[in-house]
Amino acid sequence: MRKAFKMKLYSNEKEEYIKRHNPIWQELQEVLTSHGVSNYSLFLDEETNILFGYAEIENEQKWHQIAETEICKKWWKHMSDIMKTNPDNSPKSINLEEVFHIN
């Protein structure tokens, strides 16, 4: 199952965002993998500071369970100063509807 979404990075935070993801925390990567996430990419539109995320997931239930893990909550807090977030520090994320695909 393919999943696409967008988030908003604060202005002038591109380098910090890249730094925090390279490398991503090993424990977070293990949680993503163990919850069925693969082929995960993030792209930045520098003109708008919109991040576009793409991931292949096993199912929505496992994807949502990631948010309940302590490492995910810790990651959200770590990232909350450089991107738009909700009161619980989760990134403000908008799911995108797939309207076309060629396999």
# chains A, B, ... in the order shown; residues from 1 in each chain; ligands from 1

$ residues_around --residues "A:Ile71" --least-positions-apart "6" --cutoff "12 Å" --atoms "only C-alpha atoms" --output "PyMOL selection string"
chain A and resi 24-32+65+77-78

$ residues_around --residues "stretch 34-42 of chain A" --least-positions-apart "6" --cutoff "8 Å" --atoms "only C-alpha atoms" --output "count of residues only"
13

$ select_by_dssp --residues "chain A" --states "strand (DSSP E)" --output "PDB file with all heavy atoms, in the first residue's frame"
ATOM      1  N   ARG A   2       0.607   2.176  -0.892  1.00  0.00           N
ATOM      2  CA  ARG A   2       1.376   3.417  -0.970  1.00  0.00           C
ATOM      3  C   ARG A   2       0.693   4.505  -0.150  1.00  0.00           C
ATOM      4  O   ARG A   2      -0.528   4.605  -0.145  1.00  0.00           O
ATOM      5  CB  ARG A   2       1.501   3.854  -2.433  1.00  0.00           C
ATOM      6  CG  ARG A   2       2.382   2.939  -3.250  1.00  0.00           C
ATOM      7  CD  ARG A   2       2.476   3.377  -4.708  1.00  0.00           C
ATOM      8  NE  ARG A   2       1.186   3.447  -5.361  1.00  0.00           N
ATOM      9  CZ  ARG A   2       0.542   2.392  -5.858  1.00  0.00           C
ATOM     10  NH1 ARG A   2       1.056   1.195  -5.773  1.00  0.00           N
ATOM     11  NH2 ARG A   2      -0.627   2.533  -6.441  1.00  0.00           N
ATOM     12  N   LYS A   3       1.497   5.322   0.521  1.00  0.00           N
ATOM     13  CA  LYS A   3       0.976   6.401   1.363  1.00  0.00           C
ATOM     14  C   LYS A   3       1.746   7.669   1.005  1.00  0.00           C
ATOM     15  O   LYS A   3       2.966   7.654   0.921  1.00  0.00           O
ATOM     16  CB  LYS A   3       1.202   6.050   2.829  1.00  0.00           C
ATOM     17  CG  LYS A   3       0.698   7.075   3.789  1.00  0.00           C
ATOM     18  CD  LYS A   3      -0.096   6.372   4.852  1.00  0.00           C
ATOM     19  CE  LYS A   3      -0.873   7.307   5.696  1.00  0.00           C
ATOM     20  NZ  LYS A   3      -2.266   7.363   5.326  1.00  0.00           N
ATOM     21  N   ALA A   4       1.028   8.751   0.795  1.00  0.00           N
ATOM     22  CA  ALA A   4       1.652  10.043   0.514  1.00  0.00           C
ATOM     23  C   ALA A   4       1.022  11.100   1.420  1.00  0.00           C
ATOM     24  O   ALA A   4      -0.164  11.035   1.733  1.00  0.00           O
ATOM     25  CB  ALA A   4       1.480  10.427  -0.947  1.00  0.00           C
ATOM     26  N   PHE A   5       1.847  12.043   1.833  1.00  0.00           N
ATOM     27  CA  PHE A   5       1.371  13.079   2.742  1.00  0.00           C
ATOM     28  C   PHE A   5       2.276  14.293   2.617  1.00  0.00           C
ATOM     29  O   PHE A   5       3.364  14.222   2.056  1.00  0.00           O
ATOM     30  CB  PHE A   5       1.343  12.564   4.188  1.00  0.00           C
ATOM     31  CG  PHE A   5       2.642  11.966   4.638  1.00  0.00           C
ATOM     32  CD1 PHE A   5       3.595  12.726   5.286  1.00  0.00           C
ATOM     33  CD2 PHE A   5       2.922  10.629   4.385  1.00  0.00           C
ATOM     34  CE1 PHE A   5       4.802  12.163   5.687  1.00  0.00           C
ATOM     35  CE2 PHE A   5       4.119  10.054   4.781  1.00  0.00           C
ATOM     36  CZ  PHE A   5       5.061  10.831   5.437  1.00  0.00           C
ATOM     37  N   LYS A   6       1.808  15.417   3.157  1.00  0.00           N
ATOM     38  CA  LYS A   6       2.642  16.619   3.160  1.00  0.00           C
ATOM     39  C   LYS A   6       2.654  17.234   4.542  1.00  0.00           C
ATOM     40  O   LYS A   6       1.712  17.079   5.325  1.00  0.00           O
ATOM     41  CB  LYS A   6       2.193  17.615   2.092  1.00  0.00           C
ATOM     42  CG  LYS A   6       0.817  18.177   2.277  1.00  0.00           C
ATOM     43  CD  LYS A   6       0.479  19.136   1.133  1.00  0.00           C
ATOM     44  CE  LYS A   6      -0.884  19.753   1.358  1.00  0.00           C
ATOM     45  NZ  LYS A   6      -1.178  20.788   0.348  1.00  0.00           N
ATOM     46  N   MET A   7       3.771  17.910   4.834  1.00  0.00           N
ATOM     47  CA  MET A   7       3.984  18.595   6.109  1.00  0.00           C
ATOM     48  C   MET A   7       4.649  19.930   5.795  1.00  0.00           C
ATOM     49  O   MET A   7       5.082  20.167   4.675  1.00  0.00           O
ATOM     50  CB  MET A   7       4.882  17.752   7.020  1.00  0.00           C
ATOM     51  CG  MET A   7       4.336  16.367   7.318  1.00  0.00           C
ATOM     52  SD  MET A   7       5.473  15.320   8.259  1.00  0.00           S
ATOM     53  CE  MET A   7       6.750  14.986   7.042  1.00  0.00           C
ATOM     54  N   LYS A   8       4.752  20.790   6.786  1.00  0.00           N
ATOM     55  CA  LYS A   8       5.310  22.129   6.565  1.00  0.00           C
ATOM     56  C   LYS A   8       6.537  22.345   7.443  1.00  0.00           C
ATOM     57  O   LYS A   8       6.476  22.241   8.666  1.00  0.00           O
ATOM     58  CB  LYS A   8       4.243  23.187   6.891  1.00  0.00           C
ATOM     59  CG  LYS A   8       4.691  24.613   6.766  1.00  0.00           C
ATOM     60  CD  LYS A   8       4.663  25.097   5.353  1.00  0.00           C
ATOM     61  CE  LYS A   8       4.899  26.604   5.317  1.00  0.00           C
ATOM     62  NZ  LYS A   8       4.988  27.120   3.996  1.00  0.00           N
ATOM     63  N   VAL A  37       6.818  -0.484   7.378  1.00  0.00           N
ATOM     64  CA  VAL A  37       7.127   0.657   6.517  1.00  0.00           C
ATOM     65  C   VAL A  37       8.384   0.354   5.708  1.00  0.00           C
ATOM     66  O   VAL A  37       9.391  -0.097   6.249  1.00  0.00           O
ATOM     67  CB  VAL A  37       7.342   1.939   7.345  1.00  0.00           C
ATOM     68  CG1 VAL A  37       7.698   3.115   6.436  1.00  0.00           C
ATOM     69  CG2 VAL A  37       6.106   2.258   8.175  1.00  0.00           C
ATOM     70  N   SER A  38       8.308   0.599   4.413  1.00  0.00           N
ATOM     71  CA  SER A  38       9.477   0.453   3.545  1.00  0.00           C
ATOM     72  C   SER A  38       9.450   1.552   2.493  1.00  0.00           C
ATOM     73  O   SER A  38       8.457   2.263   2.344  1.00  0.00           O
ATOM     74  CB  SER A  38       9.476  -0.928   2.870  1.00  0.00           C
ATOM     75  OG  SER A  38       8.354  -1.062   2.028  1.00  0.00           O
ATOM     76  N   ASN A  39      10.545   1.694   1.813  1.00  0.00           N
ATOM     77  CA  ASN A  39      10.628   2.635   0.694  1.00  0.00           C
ATOM     78  C   ASN A  39      10.116   4.021   1.097  1.00  0.00           C
ATOM     79  O   ASN A  39       9.301   4.629   0.402  1.00  0.00           O
ATOM     80  CB  ASN A  39       9.833   2.081  -0.485  1.00  0.00           C
ATOM     81  CG  ASN A  39      10.495   2.371  -1.807  1.00  0.00           C
ATOM     82  OD1 ASN A  39      11.642   2.799  -1.864  1.00  0.00           O
ATOM     83  ND2 ASN A  39       9.772   2.139  -2.868  1.00  0.00           N
ATOM     84  N   TYR A  40      10.614   4.539   2.225  1.00  0.00           N
ATOM     85  CA  TYR A  40      10.156   5.800   2.815  1.00  0.00           C
ATOM     86  C   TYR A  40      11.056   6.926   2.315  1.00  0.00           C
ATOM     87  O   TYR A  40      12.274   6.866   2.462  1.00  0.00           O
ATOM     88  CB  TYR A  40      10.229   5.680   4.332  1.00  0.00           C
ATOM     89  CG  TYR A  40       9.506   6.735   5.142  1.00  0.00           C
ATOM     90  CD1 TYR A  40       9.308   6.540   6.503  1.00  0.00           C
ATOM     91  CD2 TYR A  40       9.017   7.910   4.589  1.00  0.00           C
ATOM     92  CE1 TYR A  40       8.653   7.475   7.278  1.00  0.00           C
ATOM     93  CE2 TYR A  40       8.361   8.850   5.354  1.00  0.00           C
ATOM     94  CZ  TYR A  40       8.187   8.627   6.698  1.00  0.00           C
ATOM     95  OH  TYR A  40       7.532   9.565   7.465  1.00  0.00           O
ATOM     96  N   SER A  41      10.456   7.941   1.724  1.00  0.00           N
ATOM     97  CA  SER A  41      11.205   9.095   1.220  1.00  0.00           C
ATOM     98  C   SER A  41      10.513  10.385   1.630  1.00  0.00           C
ATOM     99  O   SER A  41       9.286  10.430   1.760  1.00  0.00           O
ATOM    100  CB  SER A  41      11.289   9.072  -0.312  1.00  0.00           C
ATOM    101  OG  SER A  41      11.969   7.950  -0.770  1.00  0.00           O
ATOM    102  N   LEU A  42      11.310  11.422   1.818  1.00  0.00           N
ATOM    103  CA  LEU A  42      10.807  12.768   2.075  1.00  0.00           C
ATOM    104  C   LEU A  42      11.449  13.712   1.070  1.00  0.00           C
ATOM    105  O   LEU A  42      12.650  13.630   0.815  1.00  0.00           O
ATOM    106  CB  LEU A  42      11.151  13.205   3.498  1.00  0.00           C
ATOM    107  CG  LEU A  42      10.472  12.411   4.606  1.00  0.00           C
ATOM    108  CD1 LEU A  42      11.186  12.626   5.937  1.00  0.00           C
ATOM    109  CD2 LEU A  42       9.012  12.794   4.718  1.00  0.00           C
ATOM    110  N   PHE A  43      10.650  14.604   0.505  1.00  0.00           N
ATOM    111  CA  PHE A  43      11.114  15.568  -0.477  1.00  0.00           C
ATOM    112  C   PHE A  43      10.703  16.958  -0.011  1.00  0.00           C
ATOM    113  O   PHE A  43       9.655  17.123   0.610  1.00  0.00           O
ATOM    114  CB  PHE A  43      10.473  15.299  -1.848  1.00  0.00           C
ATOM    115  CG  PHE A  43      10.720  13.921  -2.381  1.00  0.00           C
ATOM    116  CD1 PHE A  43       9.884  12.870  -2.030  1.00  0.00           C
ATOM    117  CD2 PHE A  43      11.787  13.670  -3.226  1.00  0.00           C
ATOM    118  CE1 PHE A  43      10.103  11.589  -2.520  1.00  0.00           C
ATOM    119  CE2 PHE A  43      12.013  12.393  -3.718  1.00  0.00           C
ATOM    120  CZ  PHE A  43      11.166  11.353  -3.363  1.00  0.00           C
ATOM    121  N   LEU A  44      11.515  17.962  -0.323  1.00  0.00           N
ATOM    122  CA  LEU A  44      11.226  19.332   0.086  1.00  0.00           C
ATOM    123  C   LEU A  44      11.026  20.220  -1.131  1.00  0.00           C
ATOM    124  O   LEU A  44      11.866  20.262  -2.025  1.00  0.00           O
ATOM    125  CB  LEU A  44      12.374  19.893   0.935  1.00  0.00           C
ATOM    126  CG  LEU A  44      12.246  21.357   1.346  1.00  0.00           C
ATOM    127  CD1 LEU A  44      11.032  21.579   2.251  1.00  0.00           C
ATOM    128  CD2 LEU A  44      13.519  21.837   2.028  1.00  0.00           C
ATOM    129  N   ASP A  45       9.921  20.948  -1.145  1.00  0.00           N
ATOM    130  CA  ASP A  45       9.701  22.016  -2.113  1.00  0.00           C
ATOM    131  C   ASP A  45      10.225  23.284  -1.452  1.00  0.00           C
ATOM    132  O   ASP A  45       9.578  23.835  -0.553  1.00  0.00           O
ATOM    133  CB  ASP A  45       8.213  22.134  -2.438  1.00  0.00           C
ATOM    134  CG  ASP A  45       7.890  23.294  -3.377  1.00  0.00           C
ATOM    135  OD1 ASP A  45       8.772  24.150  -3.646  1.00  0.00           O
ATOM    136  OD2 ASP A  45       6.740  23.368  -3.835  1.00  0.00           O
ATOM    137  N   ILE A  50       7.203  23.061   1.837  1.00  0.00           N
ATOM    138  CA  ILE A  50       6.327  21.901   2.007  1.00  0.00           C
ATOM    139  C   ILE A  50       7.166  20.638   1.826  1.00  0.00           C
ATOM    140  O   ILE A  50       7.901  20.495   0.848  1.00  0.00           O
ATOM    141  CB  ILE A  50       5.167  21.909   0.991  1.00  0.00           C
ATOM    142  CG1 ILE A  50       4.262  23.125   1.204  1.00  0.00           C
ATOM    143  CG2 ILE A  50       4.362  20.599   1.058  1.00  0.00           C
ATOM    144  CD1 ILE A  50       3.464  23.127   2.474  1.00  0.00           C
ATOM    145  N   LEU A  51       7.027  19.735   2.799  1.00  0.00           N
ATOM    146  CA  LEU A  51       7.655  18.418   2.715  1.00  0.00           C
ATOM    147  C   LEU A  51       6.634  17.447   2.133  1.00  0.00           C
ATOM    148  O   LEU A  51       5.472  17.435   2.550  1.00  0.00           O
ATOM    149  CB  LEU A  51       8.064  17.931   4.109  1.00  0.00           C
ATOM    150  CG  LEU A  51       9.191  18.700   4.774  1.00  0.00           C
ATOM    151  CD1 LEU A  51       9.156  18.479   6.281  1.00  0.00           C
ATOM    152  CD2 LEU A  51      10.526  18.257   4.188  1.00  0.00           C
ATOM    153  N   PHE A  52       7.067  16.667   1.178  1.00  0.00           N
ATOM    154  CA  PHE A  52       6.227  15.621   0.603  1.00  0.00           C
ATOM    155  C   PHE A  52       6.787  14.289   1.059  1.00  0.00           C
ATOM    156  O   PHE A  52       7.971  14.009   0.865  1.00  0.00           O
ATOM    157  CB  PHE A  52       6.239  15.705  -0.926  1.00  0.00           C
ATOM    158  CG  PHE A  52       5.667  14.478  -1.591  1.00  0.00           C
ATOM    159  CD1 PHE A  52       4.300  14.253  -1.606  1.00  0.00           C
ATOM    160  CD2 PHE A  52       6.497  13.555  -2.188  1.00  0.00           C
ATOM    161  CE1 PHE A  52       3.774  13.121  -2.205  1.00  0.00           C
ATOM    162  CE2 PHE A  52       5.982  12.414  -2.799  1.00  0.00           C
ATOM    163  CZ  PHE A  52       4.625  12.197  -2.810  1.00  0.00           C
ATOM    164  N   GLY A  53       5.966  13.486   1.709  1.00  0.00           N
ATOM    165  CA  GLY A  53       6.382  12.181   2.185  1.00  0.00           C
ATOM    166  C   GLY A  53       5.748  11.074   1.380  1.00  0.00           C
ATOM    167  O   GLY A  53       4.577  11.175   0.977  1.00  0.00           O
ATOM    168  N   TYR A  54       6.522  10.032   1.134  1.00  0.00           N
ATOM    169  CA  TYR A  54       6.028   8.842   0.444  1.00  0.00           C
ATOM    170  C   TYR A  54       6.548   7.629   1.194  1.00  0.00           C
ATOM    171  O   TYR A  54       7.738   7.562   1.532  1.00  0.00           O
ATOM    172  CB  TYR A  54       6.513   8.791  -1.007  1.00  0.00           C
ATOM    173  CG  TYR A  54       6.214   7.461  -1.658  1.00  0.00           C
ATOM    174  CD1 TYR A  54       4.972   7.225  -2.227  1.00  0.00           C
ATOM    175  CD2 TYR A  54       7.157   6.431  -1.668  1.00  0.00           C
ATOM    176  CE1 TYR A  54       4.680   5.993  -2.796  1.00  0.00           C
ATOM    177  CE2 TYR A  54       6.874   5.203  -2.243  1.00  0.00           C
ATOM    178  CZ  TYR A  54       5.636   4.989  -2.802  1.00  0.00           C
ATOM    179  OH  TYR A  54       5.345   3.772  -3.359  1.00  0.00           O
ATOM    180  N   ALA A  55       5.663   6.687   1.468  1.00  0.00           N
ATOM    181  CA  ALA A  55       6.073   5.446   2.123  1.00  0.00           C
ATOM    182  C   ALA A  55       5.203   4.307   1.607  1.00  0.00           C
ATOM    183  O   ALA A  55       4.043   4.510   1.233  1.00  0.00           O
ATOM    184  CB  ALA A  55       5.922   5.562   3.634  1.00  0.00           C
ATOM    185  N   GLU A  56       5.787   3.144   1.605  1.00  0.00           N
ATOM    186  CA  GLU A  56       5.014   1.941   1.324  1.00  0.00           C
ATOM    187  C   GLU A  56       4.787   1.269   2.667  1.00  0.00           C
ATOM    188  O   GLU A  56       5.736   1.093   3.440  1.00  0.00           O
ATOM    189  CB  GLU A  56       5.766   1.060   0.334  1.00  0.00           C
ATOM    190  CG  GLU A  56       5.854   1.740  -1.019  1.00  0.00           C
ATOM    191  CD  GLU A  56       6.672   0.985  -2.049  1.00  0.00           C
ATOM    192  OE1 GLU A  56       7.070  -0.165  -1.796  1.00  0.00           O
ATOM    193  OE2 GLU A  56       6.897   1.570  -3.123  1.00  0.00           O
ATOM    194  N   ILE A  57       3.528   0.959   2.947  1.00  0.00           N
ATOM    195  CA  ILE A  57       3.155   0.425   4.260  1.00  0.00           C
ATOM    196  C   ILE A  57       2.386  -0.880   4.084  1.00  0.00           C
ATOM    197  O   ILE A  57       1.760  -1.104   3.051  1.00  0.00           O
ATOM    198  CB  ILE A  57       2.331   1.442   5.072  1.00  0.00           C
ATOM    199  CG1 ILE A  57       1.000   1.771   4.386  1.00  0.00           C
ATOM    200  CG2 ILE A  57       3.132   2.727   5.295  1.00  0.00           C
ATOM    201  CD1 ILE A  57       0.060   2.634   5.199  1.00  0.00           C
ATOM    202  N   ILE A  94      -0.988  16.293   6.182  1.00  0.00           N
ATOM    203  CA  ILE A  94      -2.182  16.163   5.352  1.00  0.00           C
ATOM    204  C   ILE A  94      -1.970  14.978   4.425  1.00  0.00           C
ATOM    205  O   ILE A  94      -0.996  14.945   3.664  1.00  0.00           O
ATOM    206  CB  ILE A  94      -2.430  17.449   4.539  1.00  0.00           C
ATOM    207  CG1 ILE A  94      -2.657  18.633   5.480  1.00  0.00           C
ATOM    208  CG2 ILE A  94      -3.597  17.270   3.579  1.00  0.00           C
ATOM    209  CD1 ILE A  94      -2.670  19.974   4.793  1.00  0.00           C
ATOM    210  N   ASN A  95      -2.862  13.997   4.519  1.00  0.00           N
ATOM    211  CA  ASN A  95      -2.785  12.851   3.622  1.00  0.00           C
ATOM    212  C   ASN A  95      -3.155  13.279   2.207  1.00  0.00           C
ATOM    213  O   ASN A  95      -4.029  14.124   2.016  1.00  0.00           O
ATOM    214  CB  ASN A  95      -3.728  11.736   4.083  1.00  0.00           C
ATOM    215  CG  ASN A  95      -3.220  11.027   5.302  1.00  0.00           C
ATOM    216  OD1 ASN A  95      -2.026  10.804   5.451  1.00  0.00           O
ATOM    217  ND2 ASN A  95      -4.115  10.670   6.202  1.00  0.00           N
ATOM    218  N   LEU A  96      -2.482  12.701   1.238  1.00  0.00           N
ATOM    219  CA  LEU A  96      -2.747  12.990  -0.149  1.00  0.00           C
ATOM    220  C   LEU A  96      -3.418  11.786  -0.798  1.00  0.00           C
ATOM    221  O   LEU A  96      -3.030  10.646  -0.543  1.00  0.00           O
ATOM    222  CB  LEU A  96      -1.449  13.338  -0.883  1.00  0.00           C
ATOM    223  CG  LEU A  96      -0.697  14.537  -0.333  1.00  0.00           C
ATOM    224  CD1 LEU A  96       0.640  14.701  -1.022  1.00  0.00           C
ATOM    225  CD2 LEU A  96      -1.526  15.796  -0.477  1.00  0.00           C
TER     226      LEU A  96
END

$ residues_around --residues "A:Tyr17" --least-positions-apart "3" --cutoff "9 Å" --atoms "only C-alpha atoms" --output "number ranges by chain"
A: 9, 13-14, 20-22, 79, 82-83

$ write_last_selection --atoms "all heavy atoms" --output "PDB file, in the first residue's frame"
ATOM      1  N   LEU A   9       7.644  22.655   6.799  1.00  0.00           N
ATOM      2  CA  LEU A   9       8.886  22.980   7.476  1.00  0.00           C
ATOM      3  C   LEU A   9       8.949  24.493   7.674  1.00  0.00           C
ATOM      4  O   LEU A   9       8.524  25.261   6.807  1.00  0.00           O
ATOM      5  CB  LEU A   9      10.057  22.521   6.596  1.00  0.00           C
ATOM      6  CG  LEU A   9      11.449  22.540   7.171  1.00  0.00           C
ATOM      7  CD1 LEU A   9      11.567  21.569   8.347  1.00  0.00           C
ATOM      8  CD2 LEU A   9      12.455  22.153   6.091  1.00  0.00           C
ATOM      9  N   GLU A  13      14.959  26.184   7.787  1.00  0.00           N
ATOM     10  CA  GLU A  13      15.246  25.000   8.601  1.00  0.00           C
ATOM     11  C   GLU A  13      15.642  23.781   7.760  1.00  0.00           C
ATOM     12  O   GLU A  13      15.763  22.684   8.285  1.00  0.00           O
ATOM     13  CB  GLU A  13      14.057  24.654   9.501  1.00  0.00           C
ATOM     14  CG  GLU A  13      13.753  25.686  10.548  1.00  0.00           C
ATOM     15  CD  GLU A  13      14.833  25.825  11.613  1.00  0.00           C
ATOM     16  OE1 GLU A  13      15.794  25.042  11.627  1.00  0.00           O
ATOM     17  OE2 GLU A  13      14.708  26.739  12.446  1.00  0.00           O
ATOM     18  N   LYS A  14      15.850  23.993   6.475  1.00  0.00           N
ATOM     19  CA  LYS A  14      16.195  22.879   5.593  1.00  0.00           C
ATOM     20  C   LYS A  14      17.435  22.137   6.071  1.00  0.00           C
ATOM     21  O   LYS A  14      17.425  20.906   6.207  1.00  0.00           O
ATOM     22  CB  LYS A  14      16.418  23.382   4.165  1.00  0.00           C
ATOM     23  CG  LYS A  14      16.942  22.320   3.228  1.00  0.00           C
ATOM     24  CD  LYS A  14      17.334  22.910   1.885  1.00  0.00           C
ATOM     25  CE  LYS A  14      18.063  21.894   1.044  1.00  0.00           C
ATOM     26  NZ  LYS A  14      18.550  22.474  -0.204  1.00  0.00           N
ATOM     27  N   ARG A  20      19.130  16.308  11.007  1.00  0.00           N
ATOM     28  CA  ARG A  20      18.453  15.435  11.976  1.00  0.00           C
ATOM     29  C   ARG A  20      18.032  14.095  11.371  1.00  0.00           C
ATOM     30  O   ARG A  20      17.789  13.148  12.091  1.00  0.00           O
ATOM     31  CB  ARG A  20      17.242  16.143  12.580  1.00  0.00           C
ATOM     32  CG  ARG A  20      17.640  17.323  13.445  1.00  0.00           C
ATOM     33  CD  ARG A  20      16.447  17.950  14.107  1.00  0.00           C
ATOM     34  NE  ARG A  20      16.809  19.221  14.718  1.00  0.00           N
ATOM     35  CZ  ARG A  20      16.009  19.925  15.498  1.00  0.00           C
ATOM     36  NH1 ARG A  20      14.782  19.489  15.770  1.00  0.00           N
ATOM     37  NH2 ARG A  20      16.406  21.065  16.010  1.00  0.00           N
ATOM     38  N   HIS A  21      17.953  14.034  10.069  1.00  0.00           N
ATOM     39  CA  HIS A  21      17.564  12.782   9.407  1.00  0.00           C
ATOM     40  C   HIS A  21      18.765  11.959   8.931  1.00  0.00           C
ATOM     41  O   HIS A  21      18.574  10.841   8.451  1.00  0.00           O
ATOM     42  CB  HIS A  21      16.651  13.076   8.212  1.00  0.00           C
ATOM     43  CG  HIS A  21      15.234  13.316   8.611  1.00  0.00           C
ATOM     44  ND1 HIS A  21      14.810  14.529   9.115  1.00  0.00           N
ATOM     45  CD2 HIS A  21      14.152  12.502   8.612  1.00  0.00           C
ATOM     46  CE1 HIS A  21      13.521  14.448   9.385  1.00  0.00           C
ATOM     47  NE2 HIS A  21      13.098  13.226   9.101  1.00  0.00           N
ATOM     48  N   ASN A  22      19.938  12.499   9.022  1.00  0.00           N
ATOM     49  CA  ASN A  22      21.123  11.809   8.484  1.00  0.00           C
ATOM     50  C   ASN A  22      22.206  11.643   9.526  1.00  0.00           C
ATOM     51  O   ASN A  22      23.048  12.515   9.677  1.00  0.00           O
ATOM     52  CB  ASN A  22      21.653  12.581   7.265  1.00  0.00           C
ATOM     53  CG  ASN A  22      20.701  12.491   6.106  1.00  0.00           C
ATOM     54  OD1 ASN A  22      20.542  11.437   5.522  1.00  0.00           O
ATOM     55  ND2 ASN A  22      20.050  13.589   5.778  1.00  0.00           N
ATOM     56  N   MET A  79      11.678  17.178  16.729  1.00  0.00           N
ATOM     57  CA  MET A  79      11.465  17.889  15.465  1.00  0.00           C
ATOM     58  C   MET A  79      10.524  19.090  15.596  1.00  0.00           C
ATOM     59  O   MET A  79      10.435  19.903  14.675  1.00  0.00           O
ATOM     60  CB  MET A  79      10.895  16.911  14.427  1.00  0.00           C
ATOM     61  CG  MET A  79      11.796  15.733  14.111  1.00  0.00           C
ATOM     62  SD  MET A  79      13.387  16.216  13.426  1.00  0.00           S
ATOM     63  CE  MET A  79      12.874  16.766  11.808  1.00  0.00           C
ATOM     64  N   ILE A  82      11.269  22.835  14.434  1.00  0.00           N
ATOM     65  CA  ILE A  82      11.623  23.207  13.057  1.00  0.00           C
ATOM     66  C   ILE A  82      10.494  22.963  12.049  1.00  0.00           C
ATOM     67  O   ILE A  82      10.677  23.206  10.859  1.00  0.00           O
ATOM     68  CB  ILE A  82      12.914  22.506  12.586  1.00  0.00           C
ATOM     69  CG1 ILE A  82      12.765  21.006  12.538  1.00  0.00           C
ATOM     70  CG2 ILE A  82      14.095  22.931  13.457  1.00  0.00           C
ATOM     71  CD1 ILE A  82      13.948  20.290  11.869  1.00  0.00           C
ATOM     72  N   MET A  83       9.331  22.488  12.533  1.00  0.00           N
ATOM     73  CA  MET A  83       8.223  22.260  11.613  1.00  0.00           C
ATOM     74  C   MET A  83       6.887  22.469  12.320  1.00  0.00           C
ATOM     75  O   MET A  83       6.824  22.477  13.543  1.00  0.00           O
ATOM     76  CB  MET A  83       8.316  20.858  10.994  1.00  0.00           C
ATOM     77  CG  MET A  83       8.221  19.725  11.973  1.00  0.00           C
ATOM     78  SD  MET A  83       8.617  18.095  11.248  1.00  0.00           S
ATOM     79  CE  MET A  83       7.475  18.012   9.892  1.00  0.00           C
TER      80      MET A  83
END

$ atom_distance --atom1 "atom CA of A:Glu15" --atom2 "atom CA of A:Thr33"
25.5 Å

$ residues_around --residues "A:Asp88" --least-positions-apart "6" --cutoff "12 Å" --atoms "only C-alpha atoms" --output "PyMOL selection string"
chain A and resi 67-68+72-77+79-80

$ atom_distance --atom1 "atom CA of A:Ser11" --atom2 "atom CA of A:Asn49"
6.6 Å

$ select_by_dssp --residues "stretch 8-41 of chain A" --states "alpha helix (DSSP H)" --output "list in words"
Lys14, Glu15, Glu16, Tyr17, Ile18, Lys19, Arg20, His21, Gln26, Glu27, Leu28, Gln29, Glu30, Val31, Leu32, Thr33 and Ser34 of chain A

$ atom_distance --atom1 "atom CA of A:Glu70" --atom2 "atom CA of A:Pro91"
15.3 Å
